[in-house]
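Comments concern the structure below.
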There are 2 protein chains.
Amino acid sequence: MAERKWQGHVFIGMSVDGMIARTDDDLDWLTGGSEETPEDAGFTAFMELVDHMVMGRSTYDIVQSFGEWPYGDTKVLVLSTTLKTGDSRVEVVRSFEEAVARLNDDGARHVYVDGGRTVRTFLAAGLISTLTLTRVPVLIGEGKPLFGAIPADIPLRHLETRTLNGGAVQTRYAIG
Amino acid sequence: MAERKWQGHVFIGMSVDGMIARTDDDLDWLTGGSEETPEDAGFTAFMELVDHMVMGRSTYDIVQSFGEWPYGDTKVLVLSTTLKTGDSRVEVVRSFEEAVARLNDDGARHVYVDGGRTVRTFLAAGLISTLTLTRVPVLIGEGKPLFGAIPADIPLRHLETRTLNGGAVQTRYAIG
């Protein structure tokens with residue numbers, strides 16, 4: 001079995017109260033009213049860094065609703081125990097362990113980890129090395145939070161903060 | 001009954017995952033490792049603005065454990081239905097309505113609103129006009145969150161963001 005040569009990276013937009021989506025997965029609050037959307041802000045440069053991506057099934061469903069596939073030729077693993085798809089842009093993996101093994105075997109170097117549950121799983125496993133969080137200036141109250149329980153405190157190292165058009169605040173942290 | 005001439009202000013430290021205290025109210029993670037603690041960073045200037053303060057009973061108990069009373073001569077209302085105290089630095093109010101009436105009667109202008117539950121109550125009532133959030137670079141996973149359910153989205157207006165020593169990111173937002 002190949003050893004791990006990759007680092008996980010998170011790049012995600014969230015509300016000031018920590019939500020990455022409304023309860024019904026609506027993302028209207030995320031882009032509304034801003035000329036420079038969080039997804040533009042540094043996203044292209046970020047995608048140039050990554051060679052692989054892992055996301056959960058819910059995120060895959062949401063991304064498909066975007067119309068445009070935002071990940072170019074980046075190899076995308078979708079975590080799902082049930083998904084069957086003819087979508088040649090993705091590869092389905094059945095478990096966290098299978099995702100990790102696949103990334104190791106592929107010689108992945110920089111892996112974009114996306115979706116709340118998937119991010120939490122990789123964070124708890126110590127597999128995330130940078131977090132780029134873009135806080136959109138709104139409180140939505142209820143929804144799907146990015147963060148959740150972790151086995152122990154995770155200290156972060158502040159790398160950079162910048163304010164985007166529309167008042168979003170983007171901070172990049174390193175872990176470890 | 002006097003009319004309201006005051007605005008509510010929040011000035012609070014939190015983890016990157018949105019907690020203002022551990023489940024047992026421990027704040028060790030908030031000040032640990034940083035030379036410039038969130039409480040120093042702009043806190044003195046903030047206190048010069050405010051003339052009144054409102055906090056919940058839990059916050060009052062925590063502040064008493066600090067040893068030093070950080071609020072000088074600022075008039076402090078403590079929200080509690082049960083507290084009896086000979087502490088001349090505070091005045092106990094029995095309900096949110098009583099707190100608001102007292103601030104109105106007093107001719108308050110700038111009110112520091114502190115403590116998770118109290119902040120959420122005043123936010124939901126539309127009585128907060130600025131939020132100064134200082135994000136300390138750590139994930140603690142479990143604890144007491146600042147934010148919670150609200151009747152409707154609250155759009156924020158970004159005023160200023162700065163990075164403090166130790167990597168905390170302080171952002172000031174206006175509401176309304």
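Chain identifiers are assigned as A, B, and so on, following the order in which chains appear in the structure tokens; residues are numbered from 1 within each chain, and ligands are numbered from 1 in order of appearance.
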
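Near range 54-70 of chain B, within 6 Å and counting only C-alpha atoms, sit Val76, Leu77, Val78, Leu79, Ser80, Val113, Asp114, Gly115 and Thr118 of chain B, not including residues fewer than 3 positions from it in the same chain.
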
For the selection you just gave me, I'd like the residues written to a file as a JSON list (two decimals), in the first residue's frame, keeping N, CA and C atoms.
[["chain", "number", "residue", "atom", "x", "y", "z"],
["B", 76, "VAL", "N", -23.62, 48.35, 35.27],
["B", 76, "VAL", "CA", -23.79, 46.98, 34.78],
["B", 76, "VAL", "C", -25.11, 46.38, 35.25],
["B", 77, "LEU", "N", -25.94, 45.99, 34.30],
["B", 77, "LEU", "CA", -27.17, 45.27, 34.62],
["B", 77, "LEU", "C", -26.92, 43.77, 34.45],
["B", 78, "VAL", "N", -27.31, 43.00, 35.46],
["B", 78, "VAL", "CA", -27.19, 41.54, 35.37],
["B", 78, "VAL", "C", -28.60, 40.94, 35.26],
["B", 79, "LEU", "N", -28.81, 40.19, 34.18],
["B", 79, "LEU", "CA", -30.10, 39.54, 33.96],
["B", 79, "LEU", "C", -30.19, 38.26, 34.77],
["B", 80, "SER", "N", -31.09, 38.21, 35.73],
["B", 80, "SER", "CA", -31.25, 36.98, 36.51],
["B", 80, "SER", "C", -32.59, 37.01, 37.22],
["B", 113, "VAL", "N", -23.37, 44.63, 25.35],
["B", 113, "VAL", "CA", -24.20, 43.46, 25.61],
["B", 113, "VAL", "C", -23.28, 42.24, 25.59],
["B", 114, "ASP", "N", -23.27, 41.48, 26.67],
["B", 114, "ASP", "CA", -22.29, 40.39, 26.78],
["B", 114, "ASP", "C", -22.92, 39.08, 27.25],
["B", 115, "GLY", "N", -22.28, 37.99, 26.85],
["B", 115, "GLY", "CA", -22.76, 36.66, 27.22],
["B", 115, "GLY", "C", -23.60, 36.08, 26.10],
["B", 118, "THR", "N", -27.57, 36.37, 26.30],
["B", 118, "THR", "CA", -27.99, 37.77, 26.28],
["B", 118, "THR", "C", -27.75, 38.39, 24.90]]

Counting only C-alpha atoms, a student should be able to say which residues of chain B come within 9 Å of chain A; what is the right answer, written as a ChimeraX atom specification? /B:16-18,29,136-142,146-163,166-169,171,173

Output the selection as a JSON list (two decimals), in the first residue's frame - N, CA and C atoms for each residue.
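File part-v1.json, as written:
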[["chain", "number", "residue", "atom", "x", "y", "z"],
["B", 16, "VAL", "N", -12.39, 29.88, 16.23],
["B", 16, "VAL", "CA", -12.71, 29.89, 14.80],
["B", 16, "VAL", "C", -13.98, 29.06, 14.53],
["B", 17, "ASP", "N", -14.25, 28.08, 15.40],
["B", 17, "ASP", "CA", -15.50, 27.34, 15.25],
["B", 17, "ASP", "C", -16.65, 27.93, 16.07],
["B", 18, "GLY", "N", -16.53, 29.18, 16.46],
["B", 18, "GLY", "CA", -17.70, 29.92, 16.93],
["B", 18, "GLY", "C", -18.06, 29.80, 18.40],
["B", 29, "TRP", "N", -8.43, 28.49, 26.39],
["B", 29, "TRP", "CA", -8.10, 28.52, 24.97],
["B", 29, "TRP", "C", -8.12, 29.95, 24.43],
["B", 136, "VAL", "N", -9.99, 33.78, 17.78],
["B", 136, "VAL", "CA", -8.73, 33.22, 18.24],
["B", 136, "VAL", "C", -8.44, 31.96, 17.41],
["B", 137, "PRO", "N", -7.19, 31.80, 16.95],
["B", 137, "PRO", "CA", -6.90, 30.72, 16.00],
["B", 137, "PRO", "C", -6.84, 29.33, 16.61],
["B", 138, "VAL", "N", -7.99, 28.81, 16.94],
["B", 138, "VAL", "CA", -8.07, 27.45, 17.47],
["B", 138, "VAL", "C", -9.49, 26.92, 17.19],
["B", 139, "LEU", "N", -9.57, 25.61, 16.99],
["B", 139, "LEU", "CA", -10.87, 24.92, 16.96],
["B", 139, "LEU", "C", -11.00, 24.17, 18.27],
["B", 140, "ILE", "N", -12.11, 24.38, 18.99],
["B", 140, "ILE", "CA", -12.26, 23.65, 20.26],
["B", 140, "ILE", "C", -13.36, 22.57, 20.18],
["B", 141, "GLY", "N", -14.12, 22.59, 19.11],
["B", 141, "GLY", "CA", -15.04, 21.47, 18.86],
["B", 141, "GLY", "C", -16.35, 21.56, 19.61],
["B", 142, "GLU", "N", -16.26, 21.50, 20.91],
["B", 142, "GLU", "CA", -17.49, 21.58, 21.70],
["B", 142, "GLU", "C", -17.42, 22.78, 22.61],
["B", 146, "LEU", "N", -21.60, 31.37, 20.27],
["B", 146, "LEU", "CA", -22.15, 32.72, 20.38],
["B", 146, "LEU", "C", -23.51, 32.80, 19.71],
["B", 147, "PHE", "N", -23.59, 32.27, 18.50],
["B", 147, "PHE", "CA", -24.79, 32.50, 17.70],
["B", 147, "PHE", "C", -25.77, 31.34, 17.82],
["B", 148, "GLY", "N", -27.02, 31.62, 17.46],
["B", 148, "GLY", "CA", -28.05, 30.58, 17.48],
["B", 148, "GLY", "C", -29.16, 30.99, 16.53],
["B", 149, "ALA", "N", -30.32, 30.37, 16.72],
["B", 149, "ALA", "CA", -31.44, 30.64, 15.83],
["B", 149, "ALA", "C", -31.85, 32.11, 15.90],
["B", 150, "ILE", "N", -32.27, 32.65, 14.76],
["B", 150, "ILE", "CA", -32.76, 34.02, 14.68],
["B", 150, "ILE", "C", -34.03, 34.02, 13.83],
["B", 151, "PRO", "N", -34.91, 35.00, 14.03],
["B", 151, "PRO", "CA", -36.19, 35.00, 13.31],
["B", 151, "PRO", "C", -36.01, 35.12, 11.79],
["B", 152, "ALA", "N", -34.96, 35.83, 11.35],
["B", 152, "ALA", "CA", -34.70, 36.01, 9.92],
["B", 152, "ALA", "C", -33.22, 36.33, 9.76],
["B", 153, "ASP", "N", -32.71, 36.19, 8.53],
["B", 153, "ASP", "CA", -31.32, 36.58, 8.24],
["B", 153, "ASP", "C", -31.03, 37.97, 8.79],
["B", 154, "ILE", "N", -29.83, 38.15, 9.29],
["B", 154, "ILE", "CA", -29.36, 39.48, 9.69],
["B", 154, "ILE", "C", -28.16, 39.84, 8.82],
["B", 155, "PRO", "N", -28.36, 40.74, 7.85],
["B", 155, "PRO", "CA", -27.22, 41.17, 7.01],
["B", 155, "PRO", "C", -26.29, 42.04, 7.85],
["B", 156, "LEU", "N", -25.00, 41.83, 7.68],
["B", 156, "LEU", "CA", -24.00, 42.62, 8.40],
["B", 156, "LEU", "C", -23.27, 43.51, 7.41],
["B", 157, "ARG", "N", -22.77, 44.63, 7.91],
["B", 157, "ARG", "CA", -21.97, 45.52, 7.08],
["B", 157, "ARG", "C", -20.56, 45.51, 7.64],
["B", 158, "HIS", "N", -19.60, 45.09, 6.80],
["B", 158, "HIS", "CA", -18.21, 45.00, 7.27],
["B", 158, "HIS", "C", -17.63, 46.39, 7.47],
["B", 159, "LEU", "N", -17.10, 46.67, 8.64],
["B", 159, "LEU", "CA", -16.49, 47.97, 8.90],
["B", 159, "LEU", "C", -14.97, 47.90, 8.85],
["B", 160, "GLU", "N", -14.40, 46.87, 9.47],
["B", 160, "GLU", "CA", -12.94, 46.84, 9.63],
["B", 160, "GLU", "C", -12.50, 45.45, 10.05],
["B", 161, "THR", "N", -11.37, 45.02, 9.54],
["B", 161, "THR", "CA", -10.76, 43.77, 10.00],
["B", 161, "THR", "C", -9.29, 44.01, 10.26],
["B", 162, "ARG", "N", -8.80, 43.50, 11.37],
["B", 162, "ARG", "CA", -7.36, 43.57, 11.60],
["B", 162, "ARG", "C", -6.88, 42.29, 12.26],
["B", 163, "THR", "N", -5.62, 41.99, 12.02],
["B", 163, "THR", "CA", -5.03, 40.80, 12.60],
["B", 163, "THR", "C", -4.21, 41.21, 13.81],
["B", 166, "GLY", "N", -0.44, 37.09, 17.72],
["B", 166, "GLY", "CA", -0.96, 35.77, 18.10],
["B", 166, "GLY", "C", -1.93, 35.21, 17.07],
["B", 167, "GLY", "N", -2.23, 36.01, 16.03],
["B", 167, "GLY", "CA", -3.03, 35.47, 14.93],
["B", 167, "GLY", "C", -4.53, 35.55, 15.10],
["B", 168, "ALA", "N", -4.99, 36.26, 16.12],
["B", 168, "ALA", "CA", -6.43, 36.47, 16.21],
["B", 168, "ALA", "C", -6.86, 37.48, 15.15],
["B", 169, "VAL", "N", -8.04, 37.28, 14.61],
["B", 169, "VAL", "CA", -8.58, 38.18, 13.58],
["B", 169, "VAL", "C", -9.80, 38.88, 14.16],
["B", 171, "THR", "N", -12.83, 41.44, 13.60],
["B", 171, "THR", "CA", -13.67, 42.10, 12.60],
["B", 171, "THR", "C", -14.80, 42.85, 13.28],
["B", 173, "TYR", "N", -18.41, 44.63, 12.62],
["B", 173, "TYR", "CA", -19.56, 44.70, 11.71],
["B", 173, "TYR", "C", -20.59, 45.66, 12.25]]

Over all C-alpha atoms, paired in order, superpose chain A onto chain B by least squares and report how large the RMSD is in Å.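 For chain B versus chain A, the C-alpha RMSD is 0.0 Å.
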
When DSSP works through the backbone of this structure, what residues of chain A end up as alpha helix (DSSP H), shown as a VMD selection string? chain A and resid 28 to 31 43 to 49 57 to 64 96 to 106 116 to 124

So that I have them on file, write out the residues from the current selection with C-alpha atoms, as a JSON list (two decimals), in the first residue's frame.
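Output saved as selection_7.json:
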[["chain", "number", "residue", "atom", "x", "y", "z"],
["A", 28, "ASP", "CA", -28.54, 32.16, -1.92],
["A", 29, "TRP", "CA", -27.07, 34.01, 1.09],
["A", 30, "LEU", "CA", -23.52, 33.11, 0.03],
["A", 31, "THR", "CA", -23.31, 35.02, -3.24],
["A", 43, "PHE", "CA", -10.50, 30.09, -6.00],
["A", 44, "THR", "CA", -8.75, 29.92, -9.38],
["A", 45, "ALA", "CA", -5.32, 30.14, -7.74],
["A", 46, "PHE", "CA", -6.40, 27.58, -5.18],
["A", 47, "MET", "CA", -7.50, 25.15, -7.91],
["A", 48, "GLU", "CA", -4.11, 25.48, -9.57],
["A", 49, "LEU", "CA", -2.55, 24.10, -6.40],
["A", 57, "ARG", "CA", -22.49, 12.93, -1.83],
["A", 58, "SER", "CA", -24.53, 15.97, -0.72],
["A", 59, "THR", "CA", -21.89, 18.35, -2.03],
["A", 60, "TYR", "CA", -21.78, 16.44, -5.32],
["A", 61, "ASP", "CA", -25.55, 16.86, -5.69],
["A", 62, "ILE", "CA", -25.31, 20.59, -4.94],
["A", 63, "VAL", "CA", -22.43, 21.12, -7.36],
["A", 64, "GLN", "CA", -24.36, 19.42, -10.15],
["A", 96, "PHE", "CA", -13.15, 7.36, 4.17],
["A", 97, "GLU", "CA", -10.55, 4.58, 4.20],
["A", 98, "GLU", "CA", -11.07, 3.88, 0.53],
["A", 99, "ALA", "CA", -10.72, 7.60, -0.27],
["A", 100, "VAL", "CA", -7.42, 7.78, 1.62],
["A", 101, "ALA", "CA", -6.10, 4.60, -0.02],
["A", 102, "ARG", "CA", -7.06, 5.91, -3.47],
["A", 103, "LEU", "CA", -5.28, 9.24, -2.86],
["A", 104, "ASN", "CA", -2.20, 7.42, -1.60],
["A", 105, "ASP", "CA", -2.14, 5.04, -4.58],
["A", 106, "ASP", "CA", -2.62, 7.93, -6.99],
["A", 116, "GLY", "CA", -19.21, 19.78, 5.85],
["A", 117, "ARG", "CA", -19.18, 16.13, 6.81],
["A", 118, "THR", "CA", -16.15, 15.30, 4.68],
["A", 119, "VAL", "CA", -14.19, 18.28, 6.03],
["A", 120, "ARG", "CA", -15.00, 17.27, 9.61],
["A", 121, "THR", "CA", -13.90, 13.68, 8.97],
["A", 122, "PHE", "CA", -10.56, 14.71, 7.43],
["A", 123, "LEU", "CA", -9.99, 17.37, 10.12],
["A", 124, "ALA", "CA", -10.58, 14.89, 12.93]]
